[in-house]
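S.K.: Next up, entry.cif (mmCIF, C-alpha atoms and all ligand atoms).
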data_work
#
loop_
_atom_site.label_atom_id
_atom_site.label_comp_id
_atom_site.auth_asym_id
_atom_site.auth_seq_id
_atom_site.Cartn_x
_atom_site.Cartn_y
_atom_site.Cartn_z
CA MET K 1 2.96 -5.82 21.65
CA LYS K 2 5.21 -4.06 19.12
CA LEU K 3 4.11 -4.90 15.60
CA PHE K 4 6.99 -5.81 13.30
CA ILE K 5 4.49 -7.23 10.81
CA PRO K 6 3.88 -5.38 7.52
CA GLY K 7 0.65 -3.82 8.63
CA PRO K 8 -1.25 -2.99 10.63
CA VAL K 9 1.51 -0.99 12.27
CA ASP K 10 2.07 0.60 15.67
CA VAL K 11 0.24 3.89 15.87
CA ARG K 12 1.64 6.82 17.88
CA ALA K 13 -0.22 7.47 21.14
CA GLU K 14 -1.23 10.99 20.13
CA VAL K 15 -2.77 9.64 16.91
CA LEU K 16 -4.71 7.04 18.90
CA GLU K 17 -5.96 9.82 21.17
CA GLN K 18 -7.67 11.41 18.17
CA LEU K 19 -9.93 8.37 17.99
CA SER K 20 -11.60 9.50 21.19
CA SER K 21 -12.61 12.90 19.79
CA PRO K 22 -16.36 13.50 20.24
CA LEU K 23 -18.36 12.32 17.25
CA ILE K 24 -20.04 14.68 14.82
CA SER K 25 -22.86 14.27 12.33
CA HIS K 26 -21.98 12.71 9.01
CA ARG K 27 -24.19 15.39 7.38
CA GLY K 28 -23.01 18.87 8.18
CA ASP K 29 -20.32 21.47 7.61
CA GLU K 30 -17.93 19.98 10.10
CA ILE K 31 -17.59 16.61 8.37
CA SER K 32 -17.32 18.31 4.97
CA LYS K 33 -14.46 20.46 6.27
CA LEU K 34 -12.75 17.41 7.72
CA GLN K 35 -13.09 15.50 4.45
CA MET K 36 -11.79 18.46 2.41
CA SER K 37 -8.85 18.87 4.74
CA ILE K 38 -7.91 15.17 4.40
CA ILE K 39 -8.22 15.26 0.61
CA SER K 40 -6.07 18.34 0.22
CA LYS K 41 -3.33 16.74 2.35
CA LEU K 42 -3.54 13.41 0.52
CA LYS K 43 -3.07 15.29 -2.75
CA GLN K 44 0.22 16.65 -1.44
CA ILE K 45 1.36 13.18 -0.45
CA MET K 46 0.31 11.60 -3.75
CA LYS K 47 1.77 14.56 -5.66
CA THR K 48 -1.38 15.03 -7.68
CA GLU K 49 -3.87 17.61 -8.86
CA ASN K 50 -6.41 14.82 -9.44
CA ASP K 51 -9.53 14.26 -7.38
CA ILE K 52 -9.28 11.86 -4.46
CA VAL K 53 -12.09 9.89 -2.88
CA ILE K 54 -11.90 8.39 0.57
CA SER K 55 -13.71 5.19 1.39
CA SER K 56 -14.63 3.77 4.78
CA SER K 57 -13.22 0.39 3.85
CA SER K 58 -9.82 -1.23 4.01
CA GLY K 59 -7.55 -1.23 0.95
CA THR K 60 -9.28 -4.21 -0.65
CA GLY K 61 -12.53 -2.23 -0.74
CA SER K 62 -10.89 0.48 -2.80
CA MET K 63 -9.18 -2.09 -5.05
CA GLU K 64 -12.60 -3.59 -5.76
CA MET K 65 -14.25 -0.20 -6.30
CA ALA K 66 -11.55 0.86 -8.73
CA LEU K 67 -11.42 -2.31 -10.79
CA ARG K 68 -15.20 -2.61 -11.03
CA SER K 69 -15.91 0.99 -11.94
CA LEU K 70 -12.99 1.52 -14.30
CA THR K 71 -12.81 -1.65 -16.44
CA LEU K 72 -14.81 -1.24 -19.61
CA ASN K 73 -14.10 -4.49 -21.49
CA ARG K 74 -11.01 -6.27 -20.27
CA ALA K 75 -8.33 -5.74 -17.62
CA LEU K 76 -4.72 -6.81 -17.59
CA ILE K 77 -3.75 -7.87 -14.08
CA ILE K 78 -0.01 -7.82 -13.59
CA SER K 79 1.07 -9.65 -10.47
CA ASN K 80 4.29 -10.54 -8.75
CA GLY K 81 2.77 -11.73 -5.49
CA ALA K 82 -0.30 -12.30 -3.36
CA PHE K 83 -1.67 -8.76 -3.53
CA GLY K 84 -1.35 -8.59 -7.29
CA ASP K 85 -3.23 -11.89 -7.41
CA ARG K 86 -5.94 -10.31 -5.30
CA PHE K 87 -6.93 -8.03 -8.17
CA TYR K 88 -7.49 -11.15 -10.29
CA GLU K 89 -9.67 -12.67 -7.56
CA ILE K 90 -11.65 -9.43 -7.42
CA ALA K 91 -12.11 -9.58 -11.20
CA LYS K 92 -13.32 -13.19 -11.02
CA TYR K 93 -15.80 -12.59 -8.21
CA ASN K 94 -17.18 -9.51 -9.98
CA HIS K 95 -17.40 -11.24 -13.39
CA ILE K 96 -14.96 -8.75 -14.91
CA ASP K 97 -13.08 -10.09 -17.94
CA ALA K 98 -9.40 -10.08 -17.07
CA ASP K 99 -6.11 -11.82 -17.83
CA LEU K 100 -3.49 -12.45 -15.18
CA HIS K 101 0.18 -12.21 -16.00
CA ARG K 102 2.16 -13.61 -13.09
CA PHE K 103 5.84 -12.95 -12.40
CA ASN K 104 7.61 -15.19 -9.88
CA ASP K 105 7.43 -14.38 -6.20
CA GLY K 106 10.37 -12.11 -5.44
CA SER K 107 10.84 -10.94 -9.06
CA PRO K 108 9.96 -7.44 -10.19
CA VAL K 109 7.53 -6.70 -13.01
CA ASP K 110 9.48 -6.72 -16.29
CA SER K 111 8.71 -3.62 -18.38
CA ASN K 112 9.49 -5.35 -21.71
CA ILE K 113 6.93 -8.04 -20.99
CA LEU K 114 4.43 -5.41 -19.87
CA GLU K 115 4.95 -3.60 -23.16
CA SER K 116 4.38 -6.71 -25.27
CA LEU K 117 1.20 -7.54 -23.31
CA LEU K 118 -0.20 -4.04 -23.74
CA LYS K 119 0.68 -4.02 -27.45
CA THR K 120 -1.91 -6.77 -27.99
CA ASN K 121 -4.44 -3.94 -27.54
CA LEU K 122 -6.74 -6.32 -25.68
CA TYR K 123 -6.90 -4.21 -22.54
CA ASP K 124 -8.50 -0.96 -21.45
CA THR K 125 -7.41 -1.25 -17.82
CA LEU K 126 -4.16 -2.27 -16.12
CA THR K 127 -3.54 -3.13 -12.48
CA ILE K 128 -0.10 -3.25 -10.86
CA THR K 129 1.00 -3.52 -7.24
CA HIS K 130 3.63 -0.90 -6.49
CA ASN K 131 4.96 -2.50 -3.32
CA GLU K 132 4.22 -6.24 -3.16
CA THR K 133 4.03 -6.72 0.60
CA SER K 134 4.03 -10.52 0.33
CA THR K 135 7.56 -10.61 -1.14
CA SER K 136 8.98 -7.11 -0.46
CA VAL K 137 9.46 -6.20 -4.11
CA MET K 138 9.00 -2.54 -4.93
CA ASN K 139 8.30 -2.26 -8.64
CA ASN K 140 10.05 0.56 -10.45
CA LEU K 141 7.56 3.26 -11.43
CA ASN K 142 9.98 5.03 -13.77
CA GLU K 143 10.49 1.89 -15.84
CA LEU K 144 6.83 0.88 -15.86
CA SER K 145 5.21 4.26 -16.39
CA HIS K 146 7.43 4.82 -19.40
CA ILE K 147 5.59 1.84 -20.94
CA TRP K 148 2.01 2.45 -19.85
CA LYS K 149 2.16 6.10 -20.92
CA GLN K 150 2.41 4.89 -24.53
CA PHE K 151 -1.24 3.73 -24.34
CA PRO K 152 -3.41 6.84 -24.02
CA GLU K 153 -6.71 4.94 -23.69
CA LEU K 154 -5.44 2.70 -20.90
CA VAL K 155 -6.64 3.34 -17.33
CA VAL K 156 -3.84 2.48 -14.90
CA ILE K 157 -4.75 1.35 -11.38
CA LEU K 158 -1.78 1.24 -9.01
CA ASP K 159 -1.96 -0.38 -5.57
CA THR K 160 0.18 1.67 -3.17
CA VAL K 161 -1.38 0.24 0.01
CA SER K 162 1.99 -0.57 1.61
CA SER K 163 4.09 2.21 0.10
CA LEU K 164 2.19 5.51 0.28
CA GLY K 165 3.67 7.55 3.10
CA GLY K 166 6.90 5.52 3.09
CA THR K 167 8.33 6.37 -0.30
CA GLN K 168 7.68 9.03 -2.90
CA ILE K 169 4.85 8.34 -5.34
CA ASP K 170 4.32 10.87 -8.12
CA VAL K 171 0.80 10.18 -9.31
CA ASP K 172 0.75 12.91 -11.97
CA ILE K 173 4.29 12.48 -13.26
CA HIS K 174 3.79 8.72 -13.62
CA GLY K 175 0.38 9.00 -15.25
CA ILE K 176 -1.40 6.90 -12.61
CA ASP K 177 -5.16 7.13 -13.22
CA ALA K 178 -6.25 5.52 -9.97
CA CYS K 179 -3.80 5.37 -7.08
CA VAL K 180 -5.25 3.11 -4.39
CA SER K 181 -3.98 3.18 -0.83
CA ALA K 182 -5.03 2.59 2.77
CA SER K 183 -4.50 3.99 6.24
CA GLN K 184 -2.88 1.19 8.24
CA LYS K 185 0.61 0.83 6.79
CA ALA K 186 3.26 3.44 5.94
CA LEU K 187 0.91 6.28 6.88
CA GLY K 188 0.92 4.99 10.46
CA LEU K 189 -2.81 4.86 11.24
CA PRO K 190 -5.38 2.30 12.33
CA PRO K 191 -7.14 0.35 9.55
CA GLY K 192 -10.53 1.45 8.25
CA LEU K 193 -9.94 4.03 5.55
CA SER K 194 -8.72 3.75 1.99
CA PHE K 195 -8.25 6.25 -0.83
CA ILE K 196 -8.36 6.41 -4.62
CA SER K 197 -7.04 9.24 -6.76
CA LEU K 198 -8.93 9.68 -10.02
CA SER K 199 -7.58 11.28 -13.18
CA GLN K 200 -9.94 12.91 -15.69
CA LYS K 201 -9.49 9.81 -17.87
CA ALA K 202 -10.61 7.62 -14.97
CA ILE K 203 -13.61 9.86 -14.26
CA ASN K 204 -14.67 9.75 -17.92
CA ARG K 205 -14.36 5.96 -17.90
CA MET K 206 -16.39 5.68 -14.70
CA ASN K 207 -19.13 7.86 -16.16
CA GLN K 208 -19.16 5.82 -19.35
CA ILE K 209 -19.61 2.62 -17.31
CA GLY K 210 -22.25 3.97 -14.93
CA TYR K 211 -23.17 2.79 -11.44
CA LYS K 212 -21.71 -0.51 -10.27
CA GLY K 213 -22.96 -2.06 -7.07
CA TYR K 214 -24.18 0.02 -4.18
CA TYR K 215 -22.12 0.45 -1.02
CA LEU K 216 -18.74 0.10 -2.72
CA ASP K 217 -19.70 2.04 -5.85
CA LEU K 218 -16.95 4.42 -6.87
CA LYS K 219 -19.32 6.62 -8.88
CA ARG K 220 -21.66 7.17 -5.92
CA VAL K 221 -18.78 7.84 -3.56
CA PHE K 222 -17.20 10.25 -6.05
CA GLU K 223 -20.46 12.12 -6.74
CA MET K 224 -21.23 12.60 -3.06
CA SER K 225 -17.67 13.75 -2.49
CA LYS K 226 -17.90 16.32 -5.31
CA LEU K 227 -21.38 17.50 -4.36
CA LYS K 228 -21.07 17.83 -0.58
CA ASN K 229 -17.60 16.69 0.48
CA GLN K 230 -19.31 13.86 2.28
CA TYR K 231 -19.64 10.06 2.09
CA PRO K 232 -22.84 8.38 0.80
CA SER K 233 -23.28 6.48 4.10
CA THR K 234 -21.85 6.99 7.60
CA PRO K 235 -18.05 7.09 7.35
CA THR K 236 -15.52 5.94 9.95
CA ILE K 237 -15.45 9.44 11.45
CA SER K 238 -13.04 8.61 14.29
CA ILE K 239 -10.36 7.39 11.92
CA MET K 240 -10.92 10.46 9.75
CA TYR K 241 -9.93 12.61 12.73
CA ALA K 242 -6.82 10.51 13.29
CA LEU K 243 -5.97 10.65 9.57
CA ASP K 244 -6.26 14.41 9.36
CA TYR K 245 -4.05 14.75 12.43
CA GLN K 246 -1.43 12.30 11.16
CA LEU K 247 -1.32 13.81 7.66
CA ASN K 248 -0.63 17.16 9.26
CA TYR K 249 2.20 15.56 11.25
CA ILE K 250 3.62 13.90 8.13
CA LEU K 251 3.50 17.06 6.01
CA ASN K 252 4.28 19.79 8.50
CA ILE K 253 6.09 18.29 11.45
CA GLU K 254 8.15 15.34 10.26
CA GLY K 255 8.15 16.54 6.63
CA LEU K 256 7.76 14.26 3.60
CA GLU K 257 11.44 14.26 2.65
CA ASN K 258 12.50 13.39 6.20
CA ARG K 259 9.90 10.65 6.35
CA TYR K 260 11.12 9.07 3.13
CA HIS K 261 14.69 9.43 4.28
CA ARG K 262 13.89 7.69 7.58
CA HIS K 263 12.21 4.84 5.72
CA LEU K 264 15.27 4.45 3.53
CA GLU K 265 17.56 4.48 6.54
CA LEU K 266 15.47 1.75 8.21
CA ALA K 267 15.41 -0.30 5.00
CA SER K 268 19.20 0.00 4.52
CA TYR K 269 19.82 -1.03 8.10
CA VAL K 270 17.67 -4.17 7.72
CA ARG K 271 19.23 -5.04 4.35
CA ASN K 272 22.76 -4.80 5.77
CA TRP K 273 21.78 -6.84 8.80
CA ALA K 274 20.10 -9.47 6.63
CA THR K 275 23.05 -9.72 4.25
CA LYS K 276 25.41 -10.22 7.18
CA HIS K 277 23.42 -13.15 8.61
CA PHE K 278 21.18 -14.46 5.81
CA GLU K 279 20.23 -13.60 2.21
CA LEU K 280 17.74 -11.17 0.73
CA LEU K 281 14.97 -12.51 -1.48
CA VAL K 282 14.86 -9.52 -3.82
CA GLU K 283 17.57 -8.28 -6.17
CA ASP K 284 19.15 -4.87 -5.66
CA GLY K 285 17.18 -2.00 -7.21
CA TYR K 286 13.76 -3.54 -6.50
CA ARG K 287 13.91 -3.83 -2.72
CA SER K 288 11.06 -2.30 -0.79
CA ASN K 289 11.62 0.72 1.41
CA THR K 290 8.88 -0.41 3.81
CA VAL K 291 9.35 -4.18 4.28
CA THR K 292 12.17 -6.70 3.74
CA THR K 293 11.90 -10.43 3.04
CA ILE K 294 14.85 -12.47 4.29
CA LYS K 295 15.66 -16.03 3.21
CA ASN K 296 16.19 -18.24 6.24
CA VAL K 297 19.22 -19.90 4.63
CA LYS K 298 20.47 -21.16 8.01
CA HIS K 299 17.18 -23.03 8.50
CA LEU K 300 16.81 -21.64 12.01
CA ASP K 301 13.66 -22.39 13.98
CA MET K 302 11.21 -19.57 13.15
CA ALA K 303 8.42 -20.95 15.37
CA PHE K 304 10.80 -20.80 18.35
CA LEU K 305 11.86 -17.26 17.43
CA LYS K 306 8.25 -16.15 17.07
CA LYS K 307 7.39 -17.52 20.52
CA GLU K 308 10.43 -16.00 22.21
CA LEU K 309 9.81 -12.61 20.58
CA ALA K 310 6.16 -12.73 21.62
CA ASN K 311 7.26 -13.37 25.23
CA LYS K 312 9.28 -10.16 24.99
CA GLY K 313 6.39 -8.21 23.46
CA TYR K 314 7.21 -8.30 19.76
CA LEU K 315 5.11 -9.65 16.91
CA PHE K 316 7.23 -11.44 14.30
CA SER K 317 6.22 -12.02 10.70
CA ASN K 318 6.89 -15.15 8.69
CA GLY K 319 7.06 -15.04 4.92
CA TYR K 320 3.79 -15.01 3.03
CA GLY K 321 2.00 -17.89 1.29
CA LYS K 322 4.39 -20.31 -0.41
CA LEU K 323 7.37 -18.47 1.07
CA LYS K 324 6.10 -18.90 4.64
CA SER K 325 8.41 -21.69 5.73
CA GLU K 326 11.55 -20.43 3.96
CA THR K 327 11.52 -16.69 4.60
CA PHE K 328 10.61 -14.11 7.19
CA ARG K 329 9.71 -10.45 6.85
CA ILE K 330 10.73 -7.40 8.80
CA ALA K 331 8.47 -4.40 8.41
CA HIS K 332 10.01 -0.94 8.65
CA MET K 333 7.13 1.36 7.88
CA GLY K 334 4.98 4.03 9.46
CA ASP K 335 6.47 5.82 12.46
CA ARG K 336 9.01 3.13 13.37
CA THR K 337 12.29 4.55 14.71
CA ILE K 338 15.80 3.28 14.02
CA GLU K 339 16.29 2.66 17.76
CA GLU K 340 13.21 0.41 17.90
CA LEU K 341 14.39 -1.46 14.83
CA LYS K 342 17.91 -2.00 16.23
CA LYS K 343 16.42 -3.32 19.46
CA TYR K 344 14.28 -5.81 17.53
CA LEU K 345 17.19 -7.03 15.42
CA ASN K 346 19.39 -7.35 18.51
CA LEU K 347 16.72 -9.51 20.12
CA ILE K 348 16.64 -11.77 17.05
CA GLU K 349 20.43 -12.06 17.24
CA GLU K 350 20.23 -13.02 20.92
CA ILE K 351 17.44 -15.56 20.51
CA TRP K 352 18.98 -17.21 17.47
CA GLN K 353 22.51 -16.69 18.78
CA LEU K 354 23.73 -15.08 15.58
CA TYR K 355 27.26 -14.33 16.63
C1 LIG R 401 0.03 -4.26 -1.26
C2 LIG R 401 -1.27 -4.52 -0.57
N1 LIG R 401 -2.41 -4.38 -1.25
C3 LIG R 401 -3.60 -4.58 -0.69
C4 LIG R 401 -3.71 -4.96 0.62
C5 LIG R 401 -5.06 -5.20 1.20
O1 LIG R 401 -5.36 -4.17 2.04
P1 LIG R 401 -6.43 -4.29 3.22
O2 LIG R 401 -5.95 -5.38 4.13
O3 LIG R 401 -6.37 -2.91 3.79
O4 LIG R 401 -7.74 -4.60 2.60
C6 LIG R 401 -2.56 -5.12 1.39
C7 LIG R 401 -2.64 -5.55 2.80
O5 LIG R 401 -1.73 -6.10 3.35
C8 LIG R 401 -1.31 -4.89 0.78
O6 LIG R 401 -0.18 -5.02 1.47
#
Using structure tokens, write down the structure from this file.
Ligand SMILES: Cc1ncc(COP(=O)(O)O)c(C=O)c1O

M.R.:
Amino acid sequence: MKLFIPGPVDVRAEVLEQLSSPLISHRGDEISKLQMSIISKLKQIMKTENDIVISSSSGTGSMEMALRSLTLNRALIISNGAFGDRFYEIAKYNHIDADLHRFNDGSPVDSNILESLLKTNLYDTLTITHNETSTSVMNNLNELSHIWKQFPELVVILDTVSSLGGTQIDVDIHGIDACVSASQKALGLPPGLSFISLSQKAINRMNQIGYKGYYLDLKRVFEMSKLKNQYPSTPTISIMYALDYQLNYILNIEGLENRYHRHLELASYVRNWATKHFELLVEDGYRSNTVTTIKNVKHLDMAFLKKELANKGYLFSNGYGKLKSETFRIAHMGDRTIEELKKYLNLIEEIWQLY
């Protein structure tokens, strides 16, 4: 089955082969070298000099670790979709004081509103979703970082789960204190690993707060990483091998610029196709480079399409949550090629007879 859903994504055969590498001890030089190698490559992708921790959990694990270990008194959760809302759920379940400011599904985060919320001085921590996978809005980091940089005490947590590896993210330039991401989307890997970059401000905050929880405790994970370049418990070693291999491919074989360019080419192709036959949910300037949400303005039968595509070996994605019955999403992230994408869109045209 070819996965045209916005994660997990199809993984190249040679990356999957890495999963069958013989296992090694989680306490020894070899694993430390592997962990160091991954971290140094992730730094290049995140464009940061900051420390990075890797966690053997999916992205939600790192979202929870970051919010719990970095919020001192009160967090501002800015959301424009389901994954932004998730941070608020995490706050509630962890008894973290937080306020949710919700923008409509499909709308970007408005920097003027962000500024007025931060000017209340109620918050020491901010969470924002860079690429809201549920609606395909990519928030503008230039606009938003210009605002959050005015608040030197604020710790900024940015969710880049569905954008890192598919579009440029400048952690240091944008003053992102904790950049959270995961393996199974634009990086083109299986699920099971997530990452958090930590600025000095974030490390100071974490030390001020102290230990929080046990398995998913950012401070413990960070300390073990600094001390031994290892993980406090047994990490998902097989995926670490695949990650190291794929990061090498991204940086040294495909090249970051080429990768971002390919993602943009895929995104433009889908946007043009969608505009020809349907309508796009998101306004120009805020459209994601890794996934596109299309309004089914012709009210065509999506259940029928899904079934027909499945018969041909393709997994189709409806819209998310409230948008499920009115929209559908086309993912264009990871190692997807333009030829594969064209084939998928041609199949949709045939099945729905879009001539
Ligand atoms: C933007 C975003 N954040 C967070 C998550 C949650 O990540 P995970 O499923 O790896 O826990 C996802 C998953 O789809 C996502 O797209």

S.K.: With distances taken over all atoms listed in the file, which residue among K:Glu64, K:Glu350, K:Glu257, K:Glu153 lies nearest ligand LIG 401 (chain R)?

M.R.: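 Selected residue with least distance to ligand LIG 401 (chain R): K:Glu64.
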
S.K.: Name each residue within 6 Å of ligand LIG 401 (chain R), counting all atoms listed in the file, as a PyMOL selection string.

M.R.: chain K and resi 58-60+83+131-133+159+161-162+182

S.K.: In Å to one decimal, how far is atom CA of K:Met224 from atom CA of K:His26?

M.R.: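 So the two atoms, atom CA of K:His26 and atom CA of K:Met224, lie 12.1 Å apart.
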
S.K.: Considering all atoms listed in the file, return as a ChimeraX atom specification whatever protein or nucleic-acid residues lie within 12 Å of K:Leu76, sequence-local ones (same chain, fewer than 4 positions apart) excluded.

M.R.: /K:67,71-72,84-85,87-88,91,96-102,114-128,148,154-157

S.K.: If you take all atoms listed in the file and a cut-off of 6 Å, which residues of stretch 133-217 of chain K touch stretch 331-339 of chain K, and what are their nearest atom pairs and distances in Å to one decimal, in chain and number order, as a tab-separated table?

M.R.:
residue	atom	partner	partner_atom	distance
K:Ala186	CA	K:Gly334	CA	4.0
K:Leu187	CA	K:Gly334	CA	5.3
K:Gly188	CA	K:Gly334	CA	4.3

S.K.: Would you please work out which residue, of K:Gln35, K:Asn346, K:Asn140, K:Gln200, is nearest to K:Asn50 when using only C-alpha atoms?

M.R.: K:Gln200

S.K.: Residues of stretch 5-94 of chain K within 10 Å of stretch 235-250 of chain K: nearest atom pair and distance (Å, one decimal) for each, counting all atoms listed in the file, sorted by chain and number, as a tab-separated table?

M.R.:
residue	atom	partner	partner_atom	distance
K:Val11	CA	K:Gln246	CA	9.8
K:Arg12	CA	K:Gln246	CA	9.2
K:Glu14	CA	K:Ala242	CA	8.8
K:Val15	CA	K:Ala242	CA	5.5
K:Leu16	CA	K:Ala242	CA	6.9
K:Glu17	CA	K:Ala242	CA	8.0
K:Gln18	CA	K:Ala242	CA	5.0
K:Leu19	CA	K:Ser238	CA	4.8
K:Ser20	CA	K:Ser238	CA	7.1
K:Ser21	CA	K:Ser238	CA	7.0
K:Pro22	CA	K:Ser238	CA	8.4
K:Leu23	CA	K:Ile237	CA	7.1
K:Ile24	CA	K:Ile237	CA	7.7
K:Ser25	CA	K:Ile237	CA	8.9
K:His26	CA	K:Pro235	CA	7.1
K:Ile31	CA	K:Ile237	CA	8.1
K:Leu34	CA	K:Asp244	CA	7.3
K:Gln35	CA	K:Met240	CA	7.6
K:Met36	CA	K:Asp244	CA	9.8
K:Ser37	CA	K:Asp244	CA	6.9
K:Ile38	CA	K:Asp244	CA	5.3
K:Ile39	CA	K:Asp244	CA	9.0
K:Ser40	CA	K:Leu247	CA	9.9
K:Lys41	CA	K:Leu247	CA	6.4
K:Leu42	CA	K:Leu247	CA	7.5
K:Gln44	CA	K:Leu247	CA	9.7
K:Ile45	CA	K:Leu247	CA	8.6
K:Ile54	CA	K:Pro235	CA	9.2
K:Ser55	CA	K:Pro235	CA	7.6
K:Ser56	CA	K:Pro235	CA	5.4
K:Ser57	CA	K:Thr236	CA	8.6

S.K.: Give me the residues near K:Tyr286 as JSON, numbers by chain, where near means some atom within 10 Å (using all atoms listed in the file) and where sequence neighbours in that chain fewer than 5 positions away do not count.

M.R.: {"K": [106, 107, 108, 109, 131, 136, 137, 138, 139, 140]}

S.K.: Out of K:Gln168, K:Ser163, K:Ser62, K:Thr135, which residue has the shortest atom-to-atom distance to K:Leu256 when counting all atoms listed in the file?

M.R.: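 So, comparing all the options, the nearest one is K:Gln168.
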